[in-house]
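Data from coords-v4.txt: compact mmCIF, C-alpha atoms and all ligand atoms
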```txt
# COMPACT_ATOMS: atom_id res chain seq x y z
CA MET A 1 80.43 100.05 142.40
CA LYS A 2 78.95 100.83 138.96
CA LEU A 3 81.65 102.37 136.75
CA LEU A 4 81.09 104.22 133.50
CA VAL A 5 84.38 103.70 131.63
CA THR A 6 84.96 105.73 128.45
CA GLY A 7 87.41 104.34 125.90
CA GLY A 8 86.97 100.81 127.24
CA ALA A 9 87.62 99.24 123.84
CA GLY A 10 91.10 100.77 123.70
CA PHE A 11 94.40 99.61 125.19
CA ILE A 12 94.28 100.92 128.77
CA GLY A 13 90.49 101.24 129.00
CA SER A 14 90.05 97.55 128.17
CA ALA A 15 92.56 96.58 130.89
CA VAL A 16 90.47 98.66 133.34
CA VAL A 17 87.24 97.01 132.15
CA ARG A 18 88.66 93.48 132.47
CA LEU A 19 90.10 94.13 135.94
CA ALA A 20 87.01 95.96 137.22
CA VAL A 21 84.69 93.12 136.18
CA ALA A 22 87.10 90.55 137.68
CA ARG A 23 86.86 92.48 140.97
CA GLY A 24 83.05 92.43 140.92
CA HIS A 25 82.32 95.97 139.73
CA ALA A 26 79.55 96.63 137.23
CA VAL A 27 80.99 98.34 134.13
CA VAL A 28 79.38 100.33 131.33
CA ASN A 29 81.88 100.65 128.51
CA VAL A 30 81.25 103.80 126.43
CA ASP A 31 83.30 103.88 123.24
CA ALA A 32 82.87 105.34 119.76
CA LEU A 33 84.92 102.49 118.26
CA THR A 34 87.46 104.62 116.39
CA TYR A 35 90.36 103.13 114.42
CA ALA A 36 92.13 102.48 117.77
CA ALA A 37 89.35 100.37 119.28
CA CYS A 38 88.91 96.63 119.28
CA LEU A 39 85.99 94.93 121.01
CA ASP A 40 88.03 91.69 121.14
CA ASN A 41 89.98 93.45 123.92
CA VAL A 42 86.97 92.96 126.20
CA ALA A 43 85.74 89.64 124.76
CA SER A 44 86.69 87.87 128.00
CA VAL A 45 84.05 89.84 129.95
CA ALA A 46 81.50 90.56 127.21
CA GLN A 47 79.11 87.85 128.42
CA SER A 48 79.33 88.84 132.08
CA PRO A 49 76.10 90.17 133.66
CA LEU A 50 78.33 92.90 135.14
CA TYR A 51 79.25 94.26 131.68
CA ALA A 52 77.36 96.55 129.31
CA PHE A 53 78.50 98.28 126.13
CA GLU A 54 77.26 101.56 124.66
CA GLN A 55 78.63 102.74 121.34
CA ALA A 56 78.64 106.50 121.80
CA ASP A 57 80.89 109.39 120.81
CA ILE A 58 81.95 111.76 123.59
CA ARG A 59 81.59 114.59 121.06
CA ASP A 60 77.84 113.86 121.12
CA ARG A 61 76.46 115.44 124.28
CA ALA A 62 72.89 114.15 123.81
CA ALA A 63 74.19 110.59 123.54
CA LEU A 64 76.12 111.03 126.80
CA ASP A 65 73.03 112.34 128.62
CA ARG A 66 71.15 109.24 127.47
CA VAL A 67 73.93 106.92 128.71
CA PHE A 68 74.06 108.59 132.16
CA ALA A 69 70.26 108.51 132.53
CA LYS A 70 70.06 104.86 131.48
CA HIS A 71 72.93 103.44 133.55
CA ARG A 72 73.16 105.77 136.59
CA PRO A 73 76.86 105.14 137.42
CA ASP A 74 78.51 105.64 140.84
CA ALA A 75 81.70 106.85 139.16
CA VAL A 76 83.12 107.78 135.76
CA MET A 77 86.56 106.72 134.58
CA HIS A 78 87.27 108.88 131.54
CA LEU A 79 89.90 107.34 129.27
CA ALA A 80 88.46 107.96 125.78
CA ALA A 81 90.92 110.03 123.80
CA GLU A 82 92.92 110.32 120.63
CA SER A 83 96.21 108.99 121.96
CA HIS A 84 98.90 108.78 119.26
CA VAL A 85 101.39 111.68 119.25
CA ASP A 86 102.42 111.09 115.63
CA ARG A 87 98.78 111.27 114.47
CA SER A 88 98.37 114.51 116.46
CA ILE A 89 101.15 116.08 114.39
CA ASP A 90 99.44 115.18 111.09
CA GLY A 91 95.86 115.92 112.22
CA PRO A 92 95.55 117.94 115.44
CA GLY A 93 91.86 118.75 114.89
CA ASP A 94 90.60 115.32 116.02
CA PHE A 95 92.63 115.71 119.22
CA ILE A 96 91.02 119.04 120.06
CA GLU A 97 87.53 117.73 119.31
CA THR A 98 87.78 114.48 121.26
CA ASN A 99 90.25 115.31 124.03
CA VAL A 100 89.12 118.88 124.76
CA THR A 101 85.51 119.23 123.56
CA GLY A 102 84.77 115.59 124.34
CA THR A 103 86.02 116.01 127.92
CA PHE A 104 83.95 119.19 128.24
CA ASN A 105 80.88 117.18 127.14
CA MET A 106 81.70 114.43 129.64
CA LEU A 107 82.02 116.99 132.44
CA GLU A 108 78.75 118.67 131.55
CA ALA A 109 76.86 115.39 131.20
CA ALA A 110 78.31 114.20 134.52
CA ARG A 111 77.48 117.51 136.22
CA LYS A 112 73.85 117.38 135.04
CA TYR A 113 73.46 113.79 136.19
CA TRP A 114 75.19 114.45 139.54
CA THR A 115 73.19 117.64 140.21
CA GLU A 116 69.87 115.94 139.46
CA ALA A 117 70.90 113.08 141.78
CA GLY A 118 71.28 115.59 144.67
CA ARG A 119 75.05 116.15 144.33
CA PRO A 120 76.15 112.94 146.14
CA GLU A 121 79.65 113.40 147.63
CA THR A 122 80.45 109.77 146.91
CA PHE A 123 80.23 110.32 143.13
CA ARG A 124 83.58 110.44 141.33
CA PHE A 125 84.69 111.78 137.94
CA HIS A 126 88.12 110.22 137.41
CA HIS A 127 90.05 111.83 134.57
CA ILE A 128 92.87 109.69 133.17
CA SER A 129 95.75 111.69 131.74
CA THR A 130 99.39 111.48 130.80
CA ASP A 131 102.77 112.64 132.11
CA GLU A 132 103.32 114.29 128.71
CA VAL A 133 101.39 117.36 129.99
CA PHE A 134 104.49 118.26 132.05
CA GLY A 135 106.75 118.62 129.00
CA SER A 136 110.30 117.38 128.74
CA LEU A 137 112.88 116.78 131.50
CA PRO A 138 116.66 117.17 131.40
CA ASN A 139 118.71 113.98 131.64
CA ASP A 140 119.24 114.28 135.39
CA PRO A 141 117.95 111.42 137.61
CA ARG A 142 117.30 113.86 140.48
CA VAL A 143 114.58 115.64 138.48
CA LYS A 144 111.19 113.93 138.02
CA PHE A 145 107.58 114.95 137.43
CA THR A 146 105.64 115.49 140.65
CA GLU A 147 101.98 116.51 140.92
CA ASP A 148 103.21 120.11 141.38
CA THR A 149 105.35 120.25 138.23
CA PRO A 150 104.10 123.16 136.06
CA TYR A 151 102.33 122.15 132.87
CA ASP A 152 104.43 122.58 129.71
CA PRO A 153 102.89 120.48 126.91
CA ARG A 154 104.78 120.50 123.63
CA SER A 155 102.81 118.36 121.16
CA PRO A 156 99.22 118.76 119.95
CA TYR A 157 98.42 115.52 121.85
CA SER A 158 99.89 116.66 125.16
CA ALA A 159 98.41 120.16 124.77
CA SER A 160 94.96 118.66 124.26
CA LYS A 161 95.37 116.42 127.31
CA ALA A 162 96.65 119.37 129.39
CA SER A 163 93.58 121.36 128.34
CA SER A 164 91.31 118.54 129.45
CA ASP A 165 93.10 118.33 132.84
CA HIS A 166 92.51 122.08 133.35
CA LEU A 167 88.82 121.70 132.50
CA VAL A 168 88.43 118.87 135.03
CA ARG A 169 90.06 120.93 137.82
CA ALA A 170 87.91 123.94 136.89
CA TRP A 171 84.71 121.87 137.11
CA HIS A 172 85.78 120.82 140.61
CA GLU A 173 86.63 124.35 141.79
CA THR A 174 83.70 126.08 140.10
CA TYR A 175 80.86 123.57 140.33
CA GLY A 176 82.09 121.28 143.12
CA LEU A 177 82.06 118.21 140.85
CA PRO A 178 83.85 115.45 142.84
CA VAL A 179 86.86 114.74 140.63
CA VAL A 180 90.15 112.87 140.88
CA LEU A 181 92.92 112.96 138.27
CA THR A 182 95.82 110.71 137.35
CA ASN A 183 98.82 111.36 135.11
CA CYS A 184 100.63 108.24 134.00
CA SER A 185 103.85 107.38 132.22
CA ASN A 186 104.17 105.23 129.07
CA ASN A 187 102.24 102.00 129.25
CA TYR A 188 102.99 98.71 127.52
CA GLY A 189 101.38 95.27 127.63
CA PRO A 190 98.82 92.99 125.96
CA PHE A 191 96.29 94.51 123.52
CA HIS A 192 98.57 97.48 122.70
CA PHE A 193 97.49 98.83 119.31
CA PRO A 194 100.12 97.95 116.66
CA GLU A 195 101.11 101.54 115.88
CA LYS A 196 102.81 102.18 119.23
CA LEU A 197 106.53 101.58 119.84
CA VAL A 198 106.50 98.26 121.76
CA PRO A 199 104.15 96.34 119.40
CA VAL A 200 105.76 97.94 116.32
CA ILE A 201 109.13 96.58 117.42
CA ILE A 202 107.82 93.09 118.25
CA LEU A 203 105.81 92.75 115.03
CA ASN A 204 108.45 94.24 112.72
CA ALA A 205 111.05 91.96 114.30
CA LEU A 206 108.93 88.88 113.65
CA ALA A 207 108.26 90.00 110.06
CA GLY A 208 111.98 90.57 109.37
CA ARG A 209 111.37 94.29 108.80
CA PRO A 210 113.55 97.19 110.06
CA LEU A 211 113.05 98.21 113.71
CA PRO A 212 112.63 102.00 113.44
CA ILE A 213 114.23 104.12 116.18
CA TYR A 214 113.46 107.85 116.07
CA GLY A 215 116.58 110.05 116.12
CA ASP A 216 119.47 108.49 118.02
CA GLY A 217 117.26 106.49 120.40
CA SER A 218 118.35 108.48 123.45
CA ASN A 219 114.84 109.69 124.39
CA ILE A 220 113.96 108.37 127.84
CA ARG A 221 110.54 107.07 128.88
CA ASP A 222 109.34 105.65 132.22
CA TRP A 223 107.61 102.33 131.40
CA LEU A 224 104.63 100.85 133.25
CA PHE A 225 102.86 97.52 132.65
CA VAL A 226 99.26 98.27 131.63
CA GLU A 227 97.73 95.90 134.19
CA ASP A 228 99.59 97.73 136.98
CA HIS A 229 98.19 101.00 135.63
CA ALA A 230 94.64 99.56 135.66
CA ASP A 231 95.17 98.45 139.28
CA ALA A 232 96.33 101.97 140.24
CA LEU A 233 93.33 103.54 138.48
CA LEU A 234 90.82 101.37 140.37
CA LEU A 235 92.57 102.26 143.62
CA VAL A 236 92.35 105.98 142.84
CA VAL A 237 88.68 105.91 141.83
CA GLU A 238 87.81 104.06 145.05
CA LYS A 239 90.17 105.70 147.55
CA GLY A 240 91.63 108.85 145.96
CA ALA A 241 91.09 112.11 147.84
CA LEU A 242 88.58 114.51 146.36
CA GLY A 243 90.08 117.02 143.92
CA ARG A 244 93.51 115.40 144.20
CA SER A 245 95.76 114.28 141.37
CA TYR A 246 98.15 111.33 141.46
CA ASN A 247 101.17 110.63 139.27
CA ILE A 248 101.53 106.97 138.29
CA GLY A 249 104.80 105.49 137.07
CA GLY A 250 106.85 102.35 137.29
CA GLU A 251 110.23 103.99 138.04
CA ASN A 252 111.54 102.12 135.02
CA GLU A 253 113.39 104.70 132.95
CA ARG A 254 114.83 103.36 129.73
CA THR A 255 116.12 105.03 126.58
CA ASN A 256 114.17 103.96 123.52
CA LEU A 257 117.28 102.18 122.28
CA GLU A 258 117.63 100.23 125.56
CA LEU A 259 113.96 99.27 125.43
CA VAL A 260 114.25 98.02 121.86
CA ARG A 261 117.42 96.06 122.66
CA THR A 262 115.64 94.42 125.62
CA LEU A 263 112.72 93.42 123.37
CA CYS A 264 115.18 91.97 120.84
CA ALA A 265 116.92 89.94 123.56
CA ILE A 266 113.58 88.53 124.76
CA LEU A 267 112.62 87.62 121.19
CA ASP A 268 116.06 86.06 120.58
CA GLU A 269 115.30 83.72 123.48
CA LYS A 270 111.63 83.01 122.78
CA ARG A 271 111.71 82.81 118.97
CA PRO A 272 115.38 82.58 117.86
CA LYS A 273 116.21 83.62 114.29
CA ALA A 274 117.97 81.18 112.00
CA GLN A 275 120.97 83.52 112.09
CA GLY A 276 121.97 86.54 114.18
CA SER A 277 119.90 88.65 116.53
CA TYR A 278 116.74 90.70 116.03
CA ALA A 279 118.89 93.66 117.14
CA ASP A 280 120.54 93.46 113.69
CA GLN A 281 117.25 94.88 112.29
CA ILE A 282 117.55 98.14 114.31
CA THR A 283 117.42 101.19 111.98
CA PHE A 284 117.67 104.85 112.96
CA VAL A 285 115.07 107.06 111.25
CA THR A 286 114.28 110.81 111.13
CA ASP A 287 113.27 112.06 114.57
CA ARG A 288 109.73 113.14 115.51
CA PRO A 289 109.39 116.95 115.40
CA GLY A 290 109.55 118.36 118.95
CA HIS A 291 110.40 114.92 120.39
CA ASP A 292 110.45 115.27 124.20
CA ALA A 293 113.84 114.18 125.59
CA ARG A 294 112.83 112.58 128.89
CA TYR A 295 109.78 111.72 130.99
CA ALA A 296 110.12 110.38 134.53
CA ILE A 297 107.47 110.10 137.22
CA ASP A 298 107.89 110.53 140.95
CA PRO A 299 105.13 108.22 142.26
CA THR A 300 105.67 109.07 145.96
CA ARG A 301 102.13 110.39 146.48
CA ILE A 302 100.25 107.33 145.21
CA ARG A 303 102.71 105.05 147.03
CA THR A 304 102.54 106.77 150.41
CA GLU A 305 98.92 107.94 150.45
CA LEU A 306 97.26 104.96 148.74
CA GLY A 307 99.86 102.20 149.17
CA TRP A 308 100.11 101.40 145.44
CA ARG A 309 103.08 99.46 144.05
CA PRO A 310 103.63 98.01 140.56
CA SER A 311 103.53 94.21 140.60
CA VAL A 312 106.11 93.47 137.87
CA THR A 313 109.54 94.72 136.86
CA VAL A 314 109.87 96.07 133.34
CA GLU A 315 111.81 92.97 132.30
CA GLU A 316 109.01 90.66 133.54
CA GLY A 317 106.33 92.86 131.98
CA LEU A 318 108.10 93.00 128.62
CA ALA A 319 108.61 89.21 128.60
CA ARG A 320 104.88 88.71 129.28
CA THR A 321 104.05 91.22 126.56
CA VAL A 322 106.26 89.54 123.94
CA GLN A 323 104.74 86.16 124.83
CA TRP A 324 101.23 87.64 124.48
CA TYR A 325 102.00 88.87 120.94
CA LEU A 326 103.48 85.49 120.03
CA ASP A 327 100.30 83.78 121.29
CA ASN A 328 97.77 86.21 119.77
CA GLU A 329 98.63 86.59 116.10
CA PRO A 330 94.98 86.71 114.86
CA TRP A 331 94.37 89.73 117.13
CA TRP A 332 97.22 91.86 115.75
CA ARG A 333 96.94 90.67 112.14
CA ALA A 334 93.35 91.94 112.03
CA LEU A 335 94.46 95.41 113.18
CA GLN A 336 97.44 95.76 110.87
CA GLY A 337 95.14 96.57 107.94
CA ARG A 338 93.70 99.68 109.61
CA LYS A 339 94.38 103.11 108.11
CA GLY A 340 97.84 104.48 108.87
CA VAL A 341 99.08 101.38 110.72
CA GLY A 342 102.58 100.45 109.57
CA GLU A 343 103.11 103.87 107.94
CA ARG A 344 105.51 106.52 109.17
CA LEU A 345 103.28 109.30 110.57
CA GLY A 346 104.03 112.69 112.13
CA VAL A 347 106.95 113.82 109.97
CA LYS A 348 105.12 116.58 108.08
CA ALA A 349 105.99 119.39 110.51
N1 LIG B 401 99.09 104.72 126.23
C1 LIG B 401 99.78 105.32 127.20
O1 LIG B 401 100.96 105.01 127.38
C2 LIG B 401 99.13 106.35 128.08
C3 LIG B 401 99.85 106.84 129.17
C4 LIG B 401 99.23 107.73 130.03
C5 LIG B 401 97.92 108.12 129.79
N2 LIG B 401 97.24 107.66 128.73
C6 LIG B 401 95.83 108.09 128.56
O2 LIG B 401 95.02 106.94 128.80
C7 LIG B 401 93.85 106.99 127.96
C8 LIG B 401 93.73 105.73 127.16
O3 LIG B 401 94.89 105.59 126.34
P1 LIG B 401 95.06 104.32 125.39
O4 LIG B 401 96.49 104.19 125.10
O5 LIG B 401 94.31 103.17 125.94
O6 LIG B 401 94.31 104.85 124.07
P2 LIG B 401 93.75 104.04 122.84
O7 LIG B 401 93.98 104.93 121.66
O8 LIG B 401 94.25 102.65 122.82
O9 LIG B 401 92.16 103.94 123.13
C9 LIG B 401 91.34 105.05 123.10
C10 LIG B 401 89.89 104.57 123.06
O10 LIG B 401 89.04 105.73 123.09
C11 LIG B 401 88.05 105.60 122.11
N3 LIG B 401 87.68 106.92 121.60
C12 LIG B 401 88.47 107.79 120.90
N4 LIG B 401 87.77 108.88 120.57
C13 LIG B 401 86.52 108.72 121.08
C14 LIG B 401 85.35 109.51 121.08
N5 LIG B 401 85.30 110.70 120.44
N6 LIG B 401 84.25 109.07 121.75
C15 LIG B 401 84.28 107.86 122.39
N7 LIG B 401 85.35 107.04 122.38
C16 LIG B 401 86.46 107.48 121.75
C17 LIG B 401 88.67 104.75 121.01
O11 LIG B 401 87.67 104.13 120.21
C18 LIG B 401 89.52 103.79 121.80
O12 LIG B 401 88.80 102.62 122.15
C19 LIG B 401 93.98 108.25 127.13
O13 LIG B 401 93.22 109.27 127.73
C20 LIG B 401 95.46 108.58 127.18
O14 LIG B 401 95.67 109.97 127.04
C21 LIG B 401 97.81 106.77 127.87
```
Written form, structure tokens:
Amino acid sequence: MKLLVTGGAGFIGSAVVRLAVARGHAVVNVDALTYAACLDNVASVAQSPLYAFEQADIRDRAALDRVFAKHRPDAVMHLAAESHVDRSIDGPGDFIETNVTGTFNMLEAARKYWTEAGRPETFRFHHISTDEVFGSLPNDPRVKFTEDTPYDPRSPYSASKASSDHLVRAWHETYGLPVVLTNCSNNYGPFHFPEKLVPVIILNALAGRPLPIYGDGSNIRDWLFVEDHADALLLVVEKGALGRSYNIGGENERTNLELVRTLCAILDEKRPKAQGSYADQITFVTDRPGHDARYAIDPTRIRTELGWRPSVTVEEGLARTVQWYLDNEPWWRALQGRKGVGERLGVKA
């Protein structure tokens, strides 16, 4: 299969690119290389004859038409997006332009290409989205996000992703474009950009800096190892039913405080401090405006219909992630100098 992957120089996109090439798929990585991108994330496959890279911005429709005409993909996996909630609070405009208008451009470029190719039913436009489109859940383990949960986005990021999901469904209903959608919970793992919670905690801990916890740390997220997400995405693009959406989650709910304490315990074992525990560095800071209380995914559909299961527990995945950061200091040091990294963002509201 020849896959056109957008956002393949980012965190999740690069995991998809690496796994797809390892499984023998041809991959065209389309990425604008924003502040969040790093081509080192795909260095392990860059020399493969199965891999091609196109620097293109999904806000540039003409560039997308050229990429489709040149590479003639069997399927699109659309991951390119502005992805950091805190940045969406400070600067929502980029999120509307890339996540909404950019997805519109992707749909139109794909529709043109697919129509001119004779509307093959085997073509797929796979839109990768987030569980944040469903809003915030009460702290009740019986309630989880299913594919039928009404949309209720509450941040500029989640509203822009919700808009893009609606566009993708509309292009299926109106034009017959063969789409599939996925909505996934919080990912963690290797190559996670050092502005997101898990790497911030690991890297601040190692540097002896405070470990910032928003509010009282009681916000609950459902954590999934990025390589398990990439595996689920390849399964959906190959076997997902036309027009269907699938929720992907690891059934690993943790409060932010629990997650941070687990990371500290792993670090205490792998890189003990001279004195005390990394948990001593935990500091509570002003909460994010509109901070969603709880996300939790019910992954029954992808489990029963496609047979997907995560391969690691959250404890195993976090231990592998911590080890990866310990082993890959040059990677994260190079990214720490990028604009906004290490600063507190998203408190202006
Ligand atoms: N990180 C998570 O926990 C999570 C969970 C569920 C869903 N998602 C979704 O998965 C996708 C990937 O997330 P991520 O965490 O890997 O993001 P990321 O920020 O690490 O990577 C995004 C990539 O998209 C590229 N990009 C951004 N704007 C672009 C543009 N205008 N044109 C072309 N390329 C552009 C960036 O250069 C970067 O390489 C996003 O759509 C996100 O909404 C993320």
Kindly compute an axis-aligned box around the listed atoms of ligand LIG 401 (chain B), allowing 8 Å on each side, and express its centre and edge lengths in Å to one decimal as JSON.
```
{"center_x": 92.6, "center_y": 106.7, "center_z": 125.1, "size_x": 32.7, "size_y": 24.1, "size_z": 25.8}
```
Test item: residues no farther than 8 Å from ligand LIG 401 (chain B), counting all atoms listed in the file, as a count of residues only: 49
Surrounding residues of stretch 298-306 of chain A excluding itself and chain neighbours under 6 positions, 9 Å, all atoms listed in the file, as JSON, numbers by chain: {"A": [143, 144, 145, 146, 147, 232, 235, 236, 239, 240, 246, 247, 248, 249, 250, 251]}
Spatial neighbours of stretch 284-296 of chain A, 8 Å, all atoms listed in the file, chain gap at least 3 places, as an NGL selection string: :A and (86 or 131-132 or 135-139 or 143-145 or 154-155 or 185 or 212-222 or 249 or 251 or 253 or 346-347 or 349)
Taking C-alpha atoms for each residue, export the selection above as a PDB file, keeping the file's coordinate frame.
```
ATOM      1  CA  ASP A  86     102.420 111.090 115.630  1.00  0.00           C
ATOM      2  CA  ASP A 131     102.770 112.640 132.110  1.00  0.00           C
ATOM      3  CA  GLU A 132     103.320 114.290 128.710  1.00  0.00           C
ATOM      4  CA  GLY A 135     106.750 118.620 129.000  1.00  0.00           C
ATOM      5  CA  SER A 136     110.300 117.380 128.740  1.00  0.00           C
ATOM      6  CA  LEU A 137     112.880 116.780 131.500  1.00  0.00           C
ATOM      7  CA  PRO A 138     116.660 117.170 131.400  1.00  0.00           C
ATOM      8  CA  ASN A 139     118.710 113.980 131.640  1.00  0.00           C
ATOM      9  CA  VAL A 143     114.580 115.640 138.480  1.00  0.00           C
ATOM     10  CA  LYS A 144     111.190 113.930 138.020  1.00  0.00           C
ATOM     11  CA  PHE A 145     107.580 114.950 137.430  1.00  0.00           C
ATOM     12  CA  ARG A 154     104.780 120.500 123.630  1.00  0.00           C
ATOM     13  CA  SER A 155     102.810 118.360 121.160  1.00  0.00           C
ATOM     14  CA  SER A 185     103.850 107.380 132.220  1.00  0.00           C
ATOM     15  CA  PRO A 212     112.630 102.000 113.440  1.00  0.00           C
ATOM     16  CA  ILE A 213     114.230 104.120 116.180  1.00  0.00           C
ATOM     17  CA  TYR A 214     113.460 107.850 116.070  1.00  0.00           C
ATOM     18  CA  GLY A 215     116.580 110.050 116.120  1.00  0.00           C
ATOM     19  CA  ASP A 216     119.470 108.490 118.020  1.00  0.00           C
ATOM     20  CA  GLY A 217     117.260 106.490 120.400  1.00  0.00           C
ATOM     21  CA  SER A 218     118.350 108.480 123.450  1.00  0.00           C
ATOM     22  CA  ASN A 219     114.840 109.690 124.390  1.00  0.00           C
ATOM     23  CA  ILE A 220     113.960 108.370 127.840  1.00  0.00           C
ATOM     24  CA  ARG A 221     110.540 107.070 128.880  1.00  0.00           C
ATOM     25  CA  ASP A 222     109.340 105.650 132.220  1.00  0.00           C
ATOM     26  CA  GLY A 249     104.800 105.490 137.070  1.00  0.00           C
ATOM     27  CA  GLU A 251     110.230 103.990 138.040  1.00  0.00           C
ATOM     28  CA  GLU A 253     113.390 104.700 132.950  1.00  0.00           C
ATOM     29  CA  GLY A 346     104.030 112.690 112.130  1.00  0.00           C
ATOM     30  CA  VAL A 347     106.950 113.820 109.970  1.00  0.00           C
ATOM     31  CA  ALA A 349     105.990 119.390 110.510  1.00  0.00           C
TER      32      ALA A 349
END
```
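One distance worth recording is that between atom CA of A:Gly208 and atom CA of A:Tyr278, which is 8.2 Å.
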Selection near A:Cys264, 9 Å with all atoms listed in the file, sequence-local residues under 5 positions removed, as a VMD selection string: chain A and resid 201 to 202 205 259 269 277 to 279
Expected residue set, 12 Å radius at (86.8, 120.8, 129.5), all atoms listed in the file, as a ChimeraX atom specification: /A:58-59,96-111,127,160-172
Just the selected residues (C-alpha atoms), exported as a compact mmCIF listing (two decimals), in the coordinates of the input, please.
```txt
# COMPACT_ATOMS: atom_id res chain seq x y z
CA ILE A 58 81.95 111.76 123.59
CA ARG A 59 81.59 114.59 121.06
CA ILE A 96 91.02 119.04 120.06
CA GLU A 97 87.53 117.73 119.31
CA THR A 98 87.78 114.48 121.26
CA ASN A 99 90.25 115.31 124.03
CA VAL A 100 89.12 118.88 124.76
CA THR A 101 85.51 119.23 123.56
CA GLY A 102 84.77 115.59 124.34
CA THR A 103 86.02 116.01 127.92
CA PHE A 104 83.95 119.19 128.24
CA ASN A 105 80.88 117.18 127.14
CA MET A 106 81.70 114.43 129.64
CA LEU A 107 82.02 116.99 132.44
CA GLU A 108 78.75 118.67 131.55
CA ALA A 109 76.86 115.39 131.20
CA ALA A 110 78.31 114.20 134.52
CA ARG A 111 77.48 117.51 136.22
CA HIS A 127 90.05 111.83 134.57
CA SER A 160 94.96 118.66 124.26
CA LYS A 161 95.37 116.42 127.31
CA ALA A 162 96.65 119.37 129.39
CA SER A 163 93.58 121.36 128.34
CA SER A 164 91.31 118.54 129.45
CA ASP A 165 93.10 118.33 132.84
CA HIS A 166 92.51 122.08 133.35
CA LEU A 167 88.82 121.70 132.50
CA VAL A 168 88.43 118.87 135.03
CA ARG A 169 90.06 120.93 137.82
CA ALA A 170 87.91 123.94 136.89
CA TRP A 171 84.71 121.87 137.11
CA HIS A 172 85.78 120.82 140.61
```
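Using all atoms listed in the file, the nearest neighbour of A:Gln281 within the list A:Leu39, A:Val341, A:Leu203, A:Ala15 is A:Leu203.
Take the candidates A:Leu267, A:Val133, A:Val28, A:Ile89 and check each one against A:Leu206 using only C-alpha atoms; the shortest distance goes to A:Leu267.
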Two-atom distance - atom CA of A:Lys270, atom CA of A:Gly317 (Å): 14.5 Å
Export stretch 17-58 of chain A from the structure block above, keeping C-alpha atoms, as a PDB file, in the first residue's frame.
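So out_19.pdb came out as:
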```
ATOM      1  CA  VAL A  17       5.875   6.370   9.255  1.00  0.00           C
ATOM      2  CA  ARG A  18       8.425   4.137  11.019  1.00  0.00           C
ATOM      3  CA  LEU A  19       5.925   1.312  11.563  1.00  0.00           C
ATOM      4  CA  ALA A  20       4.450   1.535   8.053  1.00  0.00           C
ATOM      5  CA  VAL A  21       7.889   1.296   6.408  1.00  0.00           C
ATOM      6  CA  ALA A  22       8.836  -1.585   8.743  1.00  0.00           C
ATOM      7  CA  ARG A  23       5.701  -3.395   7.529  1.00  0.00           C
ATOM      8  CA  GLY A  24       6.624  -2.900   3.872  1.00  0.00           C
ATOM      9  CA  HIS A  25       4.317  -0.004   2.963  1.00  0.00           C
ATOM     10  CA  ALA A  26       5.548   2.815   0.750  1.00  0.00           C
ATOM     11  CA  VAL A  27       5.215   6.144   2.600  1.00  0.00           C
ATOM     12  CA  VAL A  28       5.179   9.743   1.408  1.00  0.00           C
ATOM     13  CA  ASN A  29       5.671  11.999   4.411  1.00  0.00           C
ATOM     14  CA  VAL A  30       4.092  15.432   3.847  1.00  0.00           C
ATOM     15  CA  ASP A  31       5.064  17.937   6.519  1.00  0.00           C
ATOM     16  CA  ALA A  32       5.540  21.706   6.684  1.00  0.00           C
ATOM     17  CA  LEU A  33       8.220  21.292   9.376  1.00  0.00           C
ATOM     18  CA  THR A  34       6.712  23.644  11.960  1.00  0.00           C
ATOM     19  CA  TYR A  35       8.256  24.204  15.402  1.00  0.00           C
ATOM     20  CA  ALA A  36       6.844  20.784  16.447  1.00  0.00           C
ATOM     21  CA  ALA A  37       8.559  18.790  13.704  1.00  0.00           C
ATOM     22  CA  CYS A  38      11.855  16.970  13.768  1.00  0.00           C
ATOM     23  CA  LEU A  39      13.156  15.013  10.796  1.00  0.00           C
ATOM     24  CA  ASP A  40      15.403  13.011  13.158  1.00  0.00           C
ATOM     25  CA  ASN A  41      12.166  11.267  14.201  1.00  0.00           C
ATOM     26  CA  VAL A  42      12.191   9.459  10.845  1.00  0.00           C
ATOM     27  CA  ALA A  43      15.977   9.181  10.412  1.00  0.00           C
ATOM     28  CA  SER A  44      15.758   5.391  10.845  1.00  0.00           C
ATOM     29  CA  VAL A  45      13.744   5.053   7.609  1.00  0.00           C
ATOM     30  CA  ALA A  46      14.988   8.085   5.651  1.00  0.00           C
ATOM     31  CA  GLN A  47      17.279   5.999   3.430  1.00  0.00           C
ATOM     32  CA  SER A  48      14.663   3.331   2.705  1.00  0.00           C
ATOM     33  CA  PRO A  49      13.513   3.065  -0.940  1.00  0.00           C
ATOM     34  CA  LEU A  50       9.983   2.891   0.526  1.00  0.00           C
ATOM     35  CA  TYR A  51      10.239   6.410   2.001  1.00  0.00           C
ATOM     36  CA  ALA A  52       9.814   9.830   0.401  1.00  0.00           C
ATOM     37  CA  PHE A  53       9.568  13.268   1.977  1.00  0.00           C
ATOM     38  CA  GLU A  54       7.735  16.338   0.679  1.00  0.00           C
ATOM     39  CA  GLN A  55       7.973  19.594   2.582  1.00  0.00           C
ATOM     40  CA  ALA A  56       4.537  21.084   1.993  1.00  0.00           C
ATOM     41  CA  ASP A  57       2.032  23.090   4.009  1.00  0.00           C
ATOM     42  CA  ILE A  58      -1.536  21.778   4.107  1.00  0.00           C
TER      43      ILE A  58
END
```
